[in-house]
>>> print(open('final.tsv').read())   # TSV, C-alpha atoms and all ligand atoms
chain	number	residue	atom	x	y	z
A	1	MET	CA	5.19	-14.14	11.74
A	2	ARG	CA	3.96	-11.41	9.47
A	3	LYS	CA	2.58	-12.67	6.17
A	4	THR	CA	4.19	-10.98	3.17
A	5	ILE	CA	1.80	-8.82	1.18
A	6	ILE	CA	2.52	-7.87	-2.43
A	7	ALA	CA	0.07	-5.38	-3.90
A	8	GLY	CA	-0.12	-3.94	-7.39
A	9	ASN	CA	-1.19	-0.32	-7.58
A	10	TRP	CA	-2.19	0.07	-11.19
A	11	LYS	CA	-2.77	3.82	-10.82
A	12	MET	CA	-4.65	5.30	-13.82
A	13	ASN	CA	-3.77	2.42	-16.14
A	14	LYS	CA	-5.86	-0.31	-17.81
A	15	ASN	CA	-9.41	-0.07	-19.08
A	16	ILE	CA	-11.85	-2.82	-18.13
A	17	ALA	CA	-10.88	-5.14	-21.00
A	18	GLU	CA	-7.15	-4.70	-20.31
A	19	ALA	CA	-7.67	-5.22	-16.59
A	20	LEU	CA	-9.50	-8.48	-17.19
A	21	GLU	CA	-6.82	-9.69	-19.57
A	22	LEU	CA	-4.15	-9.08	-16.93
A	23	VAL	CA	-6.00	-10.74	-14.05
A	24	LYS	CA	-6.95	-13.76	-16.17
A	25	ASP	CA	-3.26	-14.35	-16.62
A	26	LEU	CA	-2.41	-13.64	-12.97
A	27	LYS	CA	-5.11	-16.01	-11.74
A	28	ILE	CA	-3.53	-18.91	-13.63
A	29	LYS	CA	0.10	-18.01	-12.94
A	30	LEU	CA	-0.38	-17.33	-9.22
A	31	GLU	CA	-2.60	-20.32	-8.50
A	32	GLY	CA	-1.48	-22.12	-5.37
A	33	VAL	CA	0.54	-19.22	-3.93
A	34	ALA	CA	-0.34	-19.31	-0.26
A	35	ASP	CA	2.63	-17.95	1.68
A	36	THR	CA	2.24	-14.45	0.22
A	37	GLU	CA	-0.91	-12.36	0.20
A	38	VAL	CA	-1.55	-10.96	-3.27
A	39	VAL	CA	-3.63	-7.84	-3.96
A	40	VAL	CA	-4.41	-6.02	-7.20
A	41	CYS	CA	-5.69	-2.44	-7.15
A	42	PRO	CA	-7.24	-1.53	-10.51
A	43	PRO	CA	-8.87	1.82	-11.31
A	44	PHE	CA	-12.39	2.15	-9.84
A	45	LEU	CA	-14.17	1.29	-13.09
A	46	ALA	CA	-12.51	-2.11	-13.33
A	47	VAL	CA	-12.85	-3.09	-9.66
A	48	ASN	CA	-16.14	-4.93	-9.99
A	49	ALA	CA	-15.27	-6.88	-13.13
A	50	VAL	CA	-11.86	-7.82	-11.72
A	51	SER	CA	-13.43	-8.96	-8.42
A	52	GLN	CA	-15.95	-11.13	-10.25
A	53	LEU	CA	-13.19	-12.78	-12.23
A	54	LEU	CA	-11.05	-13.37	-9.14
A	55	LYS	CA	-13.86	-14.78	-6.99
A	56	GLY	CA	-12.67	-17.91	-5.22
A	57	SER	CA	-9.03	-17.26	-6.15
A	58	ASN	CA	-6.10	-16.40	-3.88
A	59	ILE	CA	-5.87	-12.83	-5.25
A	60	LYS	CA	-7.62	-10.02	-3.41
A	61	VAL	CA	-8.81	-6.74	-4.83
A	62	GLY	CA	-8.15	-3.25	-3.54
A	63	ALA	CA	-9.14	0.26	-4.55
A	64	GLN	CA	-6.75	3.19	-4.87
A	65	ASN	CA	-8.80	5.76	-2.95
A	66	CYS	CA	-12.24	6.50	-1.52
A	67	TYR	CA	-14.20	9.21	0.27
A	68	PHE	CA	-15.06	9.08	3.97
A	69	GLU	CA	-18.79	9.80	3.80
A	70	LYS	CA	-21.27	6.91	3.53
A	71	LYS	CA	-23.35	8.50	0.76
A	72	GLY	CA	-24.84	11.78	-0.37
A	73	ALA	CA	-24.14	14.83	-2.47
A	74	PHE	CA	-20.40	14.37	-3.05
A	75	THR	CA	-20.12	14.49	-6.82
A	76	GLY	CA	-17.47	12.23	-8.23
A	77	GLU	CA	-16.69	10.37	-5.00
A	78	VAL	CA	-16.88	6.67	-4.10
A	79	SER	CA	-17.72	5.35	-0.62
A	80	PRO	CA	-16.14	2.41	1.23
A	81	ALA	CA	-19.51	0.62	1.20
A	82	MET	CA	-19.62	0.85	-2.59
A	83	LEU	CA	-16.12	-0.58	-2.80
A	84	LYS	CA	-17.02	-3.42	-0.48
A	85	GLU	CA	-20.07	-4.30	-2.54
A	86	ALA	CA	-17.90	-4.25	-5.66
A	87	GLY	CA	-15.60	-6.86	-4.10
A	88	CYS	CA	-12.76	-4.87	-2.52
A	89	ALA	CA	-10.91	-6.07	0.55
A	90	TYR	CA	-8.31	-3.27	0.67
A	91	VAL	CA	-8.15	0.46	-0.04
A	92	ILE	CA	-4.90	2.36	-0.64
A	93	LEU	CA	-5.04	5.68	1.21
A	94	GLY	CA	-2.73	8.66	1.34
A	95	HIS	CA	-0.62	7.76	-1.69
A	96	SER	CA	1.93	10.50	-2.39
A	97	GLU	CA	0.31	11.19	-5.76
A	98	ARG	CA	-2.93	11.98	-3.95
A	99	ARG	CA	-1.08	14.12	-1.41
A	100	GLN	CA	0.77	15.95	-4.19
A	101	TYR	CA	-1.84	16.37	-6.94
A	102	PHE	CA	-5.04	16.41	-4.89
A	103	LYS	CA	-3.72	18.14	-1.77
A	104	GLU	CA	-4.74	15.36	0.61
A	105	THR	CA	-3.73	16.06	4.20
A	106	ASN	CA	-3.06	13.64	7.06
A	107	ASP	CA	-6.28	14.74	8.72
A	108	PHE	CA	-8.29	14.00	5.59
A	109	ILE	CA	-6.59	10.62	5.15
A	110	ASN	CA	-7.28	9.83	8.81
A	111	LYS	CA	-11.03	10.29	8.20
A	112	LYS	CA	-10.87	7.94	5.23
A	113	VAL	CA	-9.00	5.30	7.24
A	114	LYS	CA	-11.76	5.47	9.84
A	115	ALA	CA	-14.49	5.07	7.22
A	116	VAL	CA	-12.69	2.18	5.53
A	117	LEU	CA	-12.27	0.26	8.80
A	118	ALA	CA	-15.89	0.95	9.78
A	119	GLU	CA	-16.93	-0.82	6.60
A	120	GLY	CA	-14.76	-3.84	7.37
A	121	LEU	CA	-12.21	-3.01	4.67
A	122	LEU	CA	-8.47	-2.81	5.29
A	123	PRO	CA	-6.45	0.32	4.57
A	124	ILE	CA	-2.99	0.40	3.03
A	125	ILE	CA	-1.73	3.72	4.34
A	126	CYS	CA	1.16	5.35	2.48
A	127	ALA	CA	3.87	7.60	3.83
A	128	GLY	CA	7.18	8.81	2.44
A	129	GLU	CA	9.51	11.75	2.09
A	130	THR	CA	10.42	13.79	-1.00
A	131	LEU	CA	13.97	14.01	-2.33
A	132	GLU	CA	14.33	17.46	-0.82
A	133	GLU	CA	13.21	16.20	2.59
A	134	ARG	CA	15.70	13.33	2.42
A	135	GLU	CA	18.53	15.63	1.36
A	136	LYS	CA	17.71	17.98	4.24
A	137	ASN	CA	17.74	14.93	6.50
A	138	ILE	CA	14.26	15.63	7.85
A	139	TRP	CA	12.66	12.36	6.72
A	140	LYS	CA	12.11	11.22	10.30
A	141	GLU	CA	10.01	14.28	11.15
A	142	VAL	CA	8.10	14.03	7.86
A	143	ILE	CA	7.25	10.35	8.29
A	144	LYS	CA	6.46	10.76	11.97
A	145	THR	CA	3.98	13.54	11.17
A	146	GLN	CA	2.37	11.51	8.39
A	147	ILE	CA	2.03	8.28	10.38
A	148	THR	CA	0.97	9.97	13.62
A	149	GLY	CA	-1.62	12.05	11.76
A	150	CYS	CA	-3.03	9.16	9.76
A	151	LEU	CA	-3.22	6.84	12.79
A	152	ALA	CA	-4.66	9.38	15.25
A	153	GLY	CA	-7.53	8.07	17.35
A	154	PHE	CA	-7.37	4.38	16.46
A	155	THR	CA	-7.40	1.48	18.91
A	156	LYS	CA	-4.71	-1.20	19.06
A	157	GLU	CA	-7.08	-3.67	17.43
A	158	GLU	CA	-7.69	-1.29	14.54
A	159	VAL	CA	-4.01	-0.55	13.99
A	160	SER	CA	-3.17	-4.26	14.02
A	161	LYS	CA	-5.40	-4.75	10.96
A	162	MET	CA	-3.80	-1.95	8.93
A	163	VAL	CA	-1.04	-2.20	6.37
A	164	LEU	CA	1.42	0.69	6.11
A	165	ALA	CA	3.49	1.42	3.04
A	166	TYR	CA	6.76	3.33	3.02
A	167	GLU	CA	7.04	4.93	-0.39
A	168	PRO	CA	9.85	7.45	-0.76
A	169	VAL	CA	8.57	9.95	-3.32
A	170	TRP	CA	11.99	10.08	-5.00
A	171	ALA	CA	11.81	6.34	-5.72
A	172	ILE	CA	8.31	6.28	-7.24
A	173	GLY	CA	8.36	5.77	-11.00
A	174	THR	CA	11.97	6.92	-11.21
A	175	GLY	CA	13.82	3.63	-11.36
A	176	LYS	CA	15.82	4.87	-8.35
A	177	VAL	CA	14.97	2.23	-5.79
A	178	ALA	CA	15.89	2.80	-2.14
A	179	SER	CA	18.81	0.68	-1.01
A	180	LYS	CA	17.97	-2.15	1.36
A	181	GLU	CA	19.74	-0.22	4.12
A	182	GLN	CA	17.75	2.96	3.48
A	183	ALA	CA	14.43	1.10	3.31
A	184	GLN	CA	15.15	-1.06	6.36
A	185	GLU	CA	16.14	2.02	8.38
A	186	VAL	CA	12.83	3.74	7.65
A	187	HIS	CA	10.75	0.60	8.18
A	188	LYS	CA	12.40	0.08	11.57
A	189	PHE	CA	11.79	3.74	12.38
A	190	ILE	CA	8.07	3.32	11.54
A	191	ARG	CA	7.78	0.12	13.58
A	192	ASP	CA	9.47	1.77	16.56
A	193	LEU	CA	7.14	4.76	16.20
A	194	VAL	CA	4.08	2.49	16.24
A	195	GLU	CA	5.48	0.77	19.31
A	196	LYS	CA	5.74	4.15	21.05
A	197	LEU	CA	2.22	5.14	19.95
A	198	TYR	CA	0.70	1.74	20.84
A	199	ASP	CA	2.75	-1.19	22.12
A	200	LYS	CA	5.19	-3.89	21.07
A	201	PRO	CA	2.68	-6.58	20.03
A	202	VAL	CA	0.86	-4.07	17.78
A	203	ALA	CA	4.15	-2.92	16.22
A	204	GLU	CA	5.32	-6.48	15.70
A	205	ALA	CA	2.08	-7.54	14.04
A	206	LEU	CA	1.98	-4.55	11.72
A	207	ARG	CA	2.90	-5.16	8.11
A	208	ILE	CA	4.91	-2.45	6.39
A	209	GLN	CA	5.32	-2.58	2.62
A	210	TYR	CA	8.02	-0.84	0.63
A	211	GLY	CA	7.05	0.94	-2.59
A	212	GLY	CA	9.09	2.78	-5.20
A	213	SER	CA	10.66	1.19	-8.30
A	214	VAL	CA	10.30	-2.36	-7.03
A	215	LYS	CA	11.24	-4.65	-9.92
A	216	PRO	CA	11.91	-8.38	-10.34
A	217	ASP	CA	15.66	-7.77	-10.06
A	218	ASN	CA	15.56	-5.89	-6.74
A	219	VAL	CA	12.53	-7.36	-4.97
A	220	SER	CA	14.30	-10.19	-3.20
A	221	ILE	CA	17.04	-7.94	-1.78
A	222	LEU	CA	14.43	-5.63	-0.23
A	223	MET	CA	11.95	-8.26	0.92
A	224	ASN	CA	14.56	-10.18	2.87
A	225	GLU	CA	15.15	-7.24	5.22
A	226	PRO	CA	13.68	-7.92	8.67
A	227	ASP	CA	11.19	-5.03	8.77
A	228	ILE	CA	10.07	-5.11	5.14
A	229	ASP	CA	6.91	-7.17	4.90
A	230	GLY	CA	5.92	-6.73	1.30
A	231	ALA	CA	5.78	-4.38	-1.64
A	232	LEU	CA	3.41	-1.85	-3.13
A	233	VAL	CA	4.21	-1.91	-6.81
A	234	GLY	CA	3.35	0.48	-9.62
A	235	GLY	CA	4.94	-0.03	-13.04
A	236	ALA	CA	6.06	-3.64	-12.57
A	237	ALA	CA	2.51	-4.65	-11.58
A	238	LEU	CA	1.12	-3.81	-15.02
A	239	GLU	CA	2.51	-6.90	-16.75
A	240	ALA	CA	1.65	-10.42	-15.61
A	241	ASP	CA	5.15	-11.81	-15.98
A	242	SER	CA	6.89	-9.15	-13.90
A	243	PHE	CA	4.16	-9.12	-11.21
A	244	VAL	CA	4.33	-12.91	-10.94
A	245	LYS	CA	8.11	-12.69	-10.48
A	246	LEU	CA	7.58	-10.14	-7.71
A	247	VAL	CA	5.08	-12.33	-5.90
A	248	LYS	CA	7.35	-15.36	-6.23
A	249	PHE	CA	10.50	-13.58	-5.07
A	250	GLU	CA	13.30	-15.68	-3.63
A	251	LYS	CA	13.03	-15.95	0.16
A	252	LYS	CA	16.32	-16.32	1.99
B	301	LIG	P1	6.54	2.34	-9.10
B	301	LIG	O1	6.65	0.91	-8.70
B	301	LIG	O2	6.08	2.54	-10.51
B	301	LIG	O3	7.76	3.12	-8.75
B	301	LIG	O4	5.33	2.97	-8.21
B	301	LIG	C1	5.33	2.78	-6.85
B	301	LIG	C2	4.04	3.23	-6.28
B	301	LIG	O5	3.74	4.40	-6.25
B	301	LIG	C3	3.11	2.20	-5.79
B	301	LIG	O6	2.07	2.75	-5.06
>>> encode(input="final.tsv", output="structure tokens")
Amino acid sequence: MRKTIIAGNWKMNKNIAEALELVKDLKIKLEGVADTEVVVCPPFLAVNAVSQLLKGSNIKVGAQNCYFEKKGAFTGEVSPAMLKEAGCAYVILGHSERRQYFKETNDFINKKVKAVLAEGLLPIICAGETLEEREKNIWKEVIKTQITGCLAGFTKEEVSKMVLAYEPVWAIGTGKVASKEQAQEVHKFIRDLVEKLYDKPVAEALRIQYGGSVKPDNVSILMNEPDIDGALVGGAALEADSFVKLVKFEKK
């Protein structure tokens, strides 16, 4: 059985004080939740304070990015070791906003995944097609290239630890959520691809989150699909009440 994982990607929202206010609330309201893994991914500057506050709780902390080098003259970058020391367990890598605005390539993301795993952190690796790619019906090629590129060179053991996230670009921040059929089709496609690249046990153990306009009123419909193992949430993760509803979605 794959344990559901609900992660909040706060993107470039919340200063340190606001971040602490939100997690104080989450800590109380999510106390005792054990059947779902909960992760919050604040901006870098709030990671340490949030981790301190969540110490001993059932909520884990993730970062939204990192660089692949251990240390050195890389102005403005943050290493996996720094994130670990600051209390992170997860790092989101290859988000479409990083691919789009910062020109991240699969090869570059692959190096970061390697560095994150080497530090004992767990990557949440994002993939997803644009609206144009979906309309041209080339999403399979796009996602295959992204996943194959990001996973290149990893062992079965390493892949088993990873979390993948299917985030159709057209659904991110648009309110246009993928239908359960659309999302399930892609998740199954990704799982089958991982089975081809590795083997069945690896594919079956792998958790694949859906991301893109997940809200309290659509979370349950998506999460009850057989190959959807959680959600990577943007906007609805910024308020305690909506994030709590997402974590406590109705299981069928
Ligand atoms: P929204 O939930 O705001 O659509 O964002 C999704 C996302 O990009 C999470 O990484």
>>> atom_distance(input="final.tsv", atom1="atom CA of A:Ser160", atom2="atom CA of A:Val33")
23.7 Å
>>> residues_around(input="final.tsv", residues="A:Phe249", least_positions_apart="2", cutoff="8 Å", atoms="only C-alpha atoms", output="count of residues only")
7
>>> residues_around(input="final.tsv", residues="stretch 129-145 of chain A", least_positions_apart="2", cutoff="9 Å", atoms="all atoms listed in the file", output="PDB file with C-alpha atoms, in the coordinates of the input")
ATOM      1  CA  SER A  96       1.930  10.500  -2.390  1.00  0.00           C
ATOM      2  CA  ASN A 106      -3.060  13.640   7.060  1.00  0.00           C
ATOM      3  CA  ALA A 127       3.870   7.600   3.830  1.00  0.00           C
ATOM      4  CA  ILE A 147       2.030   8.280  10.380  1.00  0.00           C
ATOM      5  CA  THR A 148       0.970   9.970  13.620  1.00  0.00           C
ATOM      6  CA  GLY A 149      -1.620  12.050  11.760  1.00  0.00           C
ATOM      7  CA  CYS A 150      -3.030   9.160   9.760  1.00  0.00           C
ATOM      8  CA  TYR A 166       6.760   3.330   3.020  1.00  0.00           C
ATOM      9  CA  GLU A 167       7.040   4.930  -0.390  1.00  0.00           C
ATOM     10  CA  PRO A 168       9.850   7.450  -0.760  1.00  0.00           C
ATOM     11  CA  VAL A 169       8.570   9.950  -3.320  1.00  0.00           C
ATOM     12  CA  TRP A 170      11.990  10.080  -5.000  1.00  0.00           C
ATOM     13  CA  ALA A 171      11.810   6.340  -5.720  1.00  0.00           C
ATOM     14  CA  VAL A 186      12.830   3.740   7.650  1.00  0.00           C
ATOM     15  CA  PHE A 189      11.790   3.740  12.380  1.00  0.00           C
ATOM     16  CA  ILE A 190       8.070   3.320  11.540  1.00  0.00           C
ATOM     17  CA  LEU A 193       7.140   4.760  16.200  1.00  0.00           C
TER      18      LEU A 193
END
>>> residues_near_ligand(input="final.tsv", ligand="ligand LIG 301 (chain B)", cutoff="7 Å", atoms="only C-alpha atoms and all ligand atoms", output="list in words")
Asn9, His95, Glu167, Ala171, Ile172, Gly173, Thr174, Gly175, Gly211, Gly212, Ser213, Val214, Leu232, Val233, Gly234, Gly235 and Ala236 of chain A
>>> closest_residue(input="final.tsv", among="A:Glu85, A:Asp229, A:Glu69, A:Glu250", to="A:Lys111", atoms="only C-alpha atoms")
A:Glu69
>>> residues_near_point(input="final.tsv", point="(4.4, -4.5, 13.1)", cutoff="12 Å", atoms="all atoms listed in the file", output="ChimeraX atom specification")
/A:1-4,156,159-165,187-196,198-209,226-229
>>> atom_distance(input="final.tsv", atom1="atom CA of A:Lys180", atom2="atom CA of A:Tyr210")
10.1 Å
>>> atom_distance(input="final.tsv", atom1="atom CA of A:Gly62", atom2="atom CA of A:Ala19")
13.2 Å
>>> closest_residue(input="final.tsv", among="A:Ala17, A:Ala86, A:Ala178, A:Val244", to="A:Val39", atoms="all atoms listed in the file")
A:Val244
>>> closest_residue(input="final.tsv", among="A:Glu158, A:Leu45, A:Val91, A:Val78", to="A:Ala63", atoms="only C-alpha atoms")
A:Val91
>>> closest_residue(input="final.tsv", among="A:Ile59, A:Ala231, A:Ile221, A:Ala183", to="A:Gly128", atoms="all atoms listed in the file")
A:Ala183
>>> decode(input="final.tsv", residues="stretch 182-193 of chain A", atoms="all heavy atoms", output="PDB file, in the first residue's frame")
ATOM      1  N   GLN A 182      -8.572  12.156 -16.854  1.00  0.00           N
ATOM      2  CA  GLN A 182      -7.320  12.676 -17.442  1.00  0.00           C
ATOM      3  C   GLN A 182      -6.138  12.405 -16.510  1.00  0.00           C
ATOM      4  O   GLN A 182      -5.087  11.938 -16.945  1.00  0.00           O
ATOM      5  CB  GLN A 182      -7.420  14.198 -17.656  1.00  0.00           C
ATOM      6  CG  GLN A 182      -8.254  14.606 -18.845  1.00  0.00           C
ATOM      7  CD  GLN A 182      -8.464  16.125 -18.875  1.00  0.00           C
ATOM      8  OE1 GLN A 182      -8.596  16.784 -17.843  1.00  0.00           O
ATOM      9  NE2 GLN A 182      -8.496  16.687 -20.075  1.00  0.00           N
ATOM     10  N   ALA A 183      -6.309  12.729 -15.239  1.00  0.00           N
ATOM     11  CA  ALA A 183      -5.205  12.565 -14.288  1.00  0.00           C
ATOM     12  C   ALA A 183      -4.844  11.088 -14.140  1.00  0.00           C
ATOM     13  O   ALA A 183      -3.667  10.719 -14.225  1.00  0.00           O
ATOM     14  CB  ALA A 183      -5.576  13.173 -12.939  1.00  0.00           C
ATOM     15  N   GLN A 184      -5.857  10.243 -13.969  1.00  0.00           N
ATOM     16  CA  GLN A 184      -5.587   8.804 -13.810  1.00  0.00           C
ATOM     17  C   GLN A 184      -4.861   8.243 -15.037  1.00  0.00           C
ATOM     18  O   GLN A 184      -3.917   7.454 -14.900  1.00  0.00           O
ATOM     19  CB  GLN A 184      -6.905   8.059 -13.537  1.00  0.00           C
ATOM     20  CG  GLN A 184      -6.850   6.536 -13.651  1.00  0.00           C
ATOM     21  CD  GLN A 184      -5.855   5.856 -12.714  1.00  0.00           C
ATOM     22  OE1 GLN A 184      -5.484   6.383 -11.665  1.00  0.00           O
ATOM     23  NE2 GLN A 184      -5.370   4.671 -13.130  1.00  0.00           N
ATOM     24  N   GLU A 185      -5.252   8.680 -16.208  1.00  0.00           N
ATOM     25  CA  GLU A 185      -4.609   8.189 -17.442  1.00  0.00           C
ATOM     26  C   GLU A 185      -3.101   8.517 -17.439  1.00  0.00           C
ATOM     27  O   GLU A 185      -2.272   7.663 -17.770  1.00  0.00           O
ATOM     28  CB  GLU A 185      -5.281   8.832 -18.677  1.00  0.00           C
ATOM     29  CG  GLU A 185      -4.755   8.278 -19.991  1.00  0.00           C
ATOM     30  CD  GLU A 185      -5.360   8.967 -21.220  1.00  0.00           C
ATOM     31  OE1 GLU A 185      -5.827  10.115 -21.131  1.00  0.00           O
ATOM     32  OE2 GLU A 185      -5.336   8.326 -22.289  1.00  0.00           O
ATOM     33  N   VAL A 186      -2.775   9.736 -17.041  1.00  0.00           N
ATOM     34  CA  VAL A 186      -1.357  10.122 -17.044  1.00  0.00           C
ATOM     35  C   VAL A 186      -0.598   9.408 -15.918  1.00  0.00           C
ATOM     36  O   VAL A 186       0.524   8.937 -16.126  1.00  0.00           O
ATOM     37  CB  VAL A 186      -1.188  11.654 -16.935  1.00  0.00           C
ATOM     38  CG1 VAL A 186       0.284  12.023 -17.008  1.00  0.00           C
ATOM     39  CG2 VAL A 186      -1.962  12.366 -18.039  1.00  0.00           C
ATOM     40  N   HIS A 187      -1.222   9.317 -14.760  1.00  0.00           N
ATOM     41  CA  HIS A 187      -0.550   8.633 -13.642  1.00  0.00           C
ATOM     42  C   HIS A 187      -0.243   7.177 -13.998  1.00  0.00           C
ATOM     43  O   HIS A 187       0.837   6.669 -13.704  1.00  0.00           O
ATOM     44  CB  HIS A 187      -1.412   8.697 -12.371  1.00  0.00           C
ATOM     45  CG  HIS A 187      -1.334  10.026 -11.676  1.00  0.00           C
ATOM     46  ND1 HIS A 187      -0.984  10.175 -10.353  1.00  0.00           N
ATOM     47  CD2 HIS A 187      -1.526  11.277 -12.153  1.00  0.00           C
ATOM     48  CE1 HIS A 187      -0.979  11.468 -10.034  1.00  0.00           C
ATOM     49  NE2 HIS A 187      -1.315  12.145 -11.109  1.00  0.00           N
ATOM     50  N   LYS A 188      -1.205   6.541 -14.646  1.00  0.00           N
ATOM     51  CA  LYS A 188      -1.009   5.137 -15.068  1.00  0.00           C
ATOM     52  C   LYS A 188       0.111   5.079 -16.108  1.00  0.00           C
ATOM     53  O   LYS A 188       0.964   4.179 -16.074  1.00  0.00           O
ATOM     54  CB  LYS A 188      -2.333   4.617 -15.628  1.00  0.00           C
ATOM     55  CG  LYS A 188      -2.294   3.221 -16.212  1.00  0.00           C
ATOM     56  CD  LYS A 188      -2.499   2.188 -15.121  1.00  0.00           C
ATOM     57  CE  LYS A 188      -2.706   0.768 -15.641  1.00  0.00           C
ATOM     58  NZ  LYS A 188      -1.576   0.204 -16.341  1.00  0.00           N
ATOM     59  N   PHE A 189       0.120   6.043 -17.000  1.00  0.00           N
ATOM     60  CA  PHE A 189       1.157   6.105 -18.031  1.00  0.00           C
ATOM     61  C   PHE A 189       2.544   6.229 -17.367  1.00  0.00           C
ATOM     62  O   PHE A 189       3.497   5.546 -17.754  1.00  0.00           O
ATOM     63  CB  PHE A 189       0.895   7.302 -18.963  1.00  0.00           C
ATOM     64  CG  PHE A 189       1.995   7.543 -19.954  1.00  0.00           C
ATOM     65  CD1 PHE A 189       2.106   6.762 -21.104  1.00  0.00           C
ATOM     66  CD2 PHE A 189       2.942   8.544 -19.739  1.00  0.00           C
ATOM     67  CE1 PHE A 189       3.152   6.972 -22.013  1.00  0.00           C
ATOM     68  CE2 PHE A 189       3.980   8.764 -20.641  1.00  0.00           C
ATOM     69  CZ  PHE A 189       4.079   7.974 -21.781  1.00  0.00           C
ATOM     70  N   ILE A 190       2.632   7.089 -16.346  1.00  0.00           N
ATOM     71  CA  ILE A 190       3.920   7.277 -15.656  1.00  0.00           C
ATOM     72  C   ILE A 190       4.319   5.986 -14.921  1.00  0.00           C
ATOM     73  O   ILE A 190       5.464   5.556 -14.980  1.00  0.00           O
ATOM     74  CB  ILE A 190       3.847   8.467 -14.663  1.00  0.00           C
ATOM     75  CG1 ILE A 190       3.648   9.780 -15.432  1.00  0.00           C
ATOM     76  CG2 ILE A 190       5.100   8.534 -13.789  1.00  0.00           C
ATOM     77  CD1 ILE A 190       3.372  11.014 -14.559  1.00  0.00           C
ATOM     78  N   ARG A 191       3.356   5.360 -14.259  1.00  0.00           N
ATOM     79  CA  ARG A 191       3.678   4.130 -13.527  1.00  0.00           C
ATOM     80  C   ARG A 191       4.130   3.032 -14.496  1.00  0.00           C
ATOM     81  O   ARG A 191       5.095   2.310 -14.230  1.00  0.00           O
ATOM     82  CB  ARG A 191       2.475   3.676 -12.686  1.00  0.00           C
ATOM     83  CG  ARG A 191       2.890   2.734 -11.558  1.00  0.00           C
ATOM     84  CD  ARG A 191       1.737   2.333 -10.643  1.00  0.00           C
ATOM     85  NE  ARG A 191       1.020   3.427 -10.022  1.00  0.00           N
ATOM     86  CZ  ARG A 191       1.502   4.177  -9.021  1.00  0.00           C
ATOM     87  NH1 ARG A 191       2.687   3.932  -8.520  1.00  0.00           N
ATOM     88  NH2 ARG A 191       0.780   5.165  -8.528  1.00  0.00           N
ATOM     89  N   ASP A 192       3.459   2.926 -15.622  1.00  0.00           N
ATOM     90  CA  ASP A 192       3.859   1.927 -16.622  1.00  0.00           C
ATOM     91  C   ASP A 192       5.254   2.230 -17.171  1.00  0.00           C
ATOM     92  O   ASP A 192       6.045   1.322 -17.424  1.00  0.00           O
ATOM     93  CB  ASP A 192       2.847   1.886 -17.775  1.00  0.00           C
ATOM     94  CG  ASP A 192       1.525   1.260 -17.347  1.00  0.00           C
ATOM     95  OD1 ASP A 192       1.479   0.644 -16.256  1.00  0.00           O
ATOM     96  OD2 ASP A 192       0.524   1.385 -18.095  1.00  0.00           O
ATOM     97  N   LEU A 193       5.532   3.512 -17.352  1.00  0.00           N
ATOM     98  CA  LEU A 193       6.853   3.920 -17.847  1.00  0.00           C
ATOM     99  C   LEU A 193       7.941   3.522 -16.847  1.00  0.00           C
ATOM    100  O   LEU A 193       8.985   2.966 -17.221  1.00  0.00           O
ATOM    101  CB  LEU A 193       6.859   5.439 -18.082  1.00  0.00           C
ATOM    102  CG  LEU A 193       8.202   6.078 -18.455  1.00  0.00           C
ATOM    103  CD1 LEU A 193       8.697   5.560 -19.803  1.00  0.00           C
ATOM    104  CD2 LEU A 193       8.068   7.604 -18.497  1.00  0.00           C
TER     105      LEU A 193
END
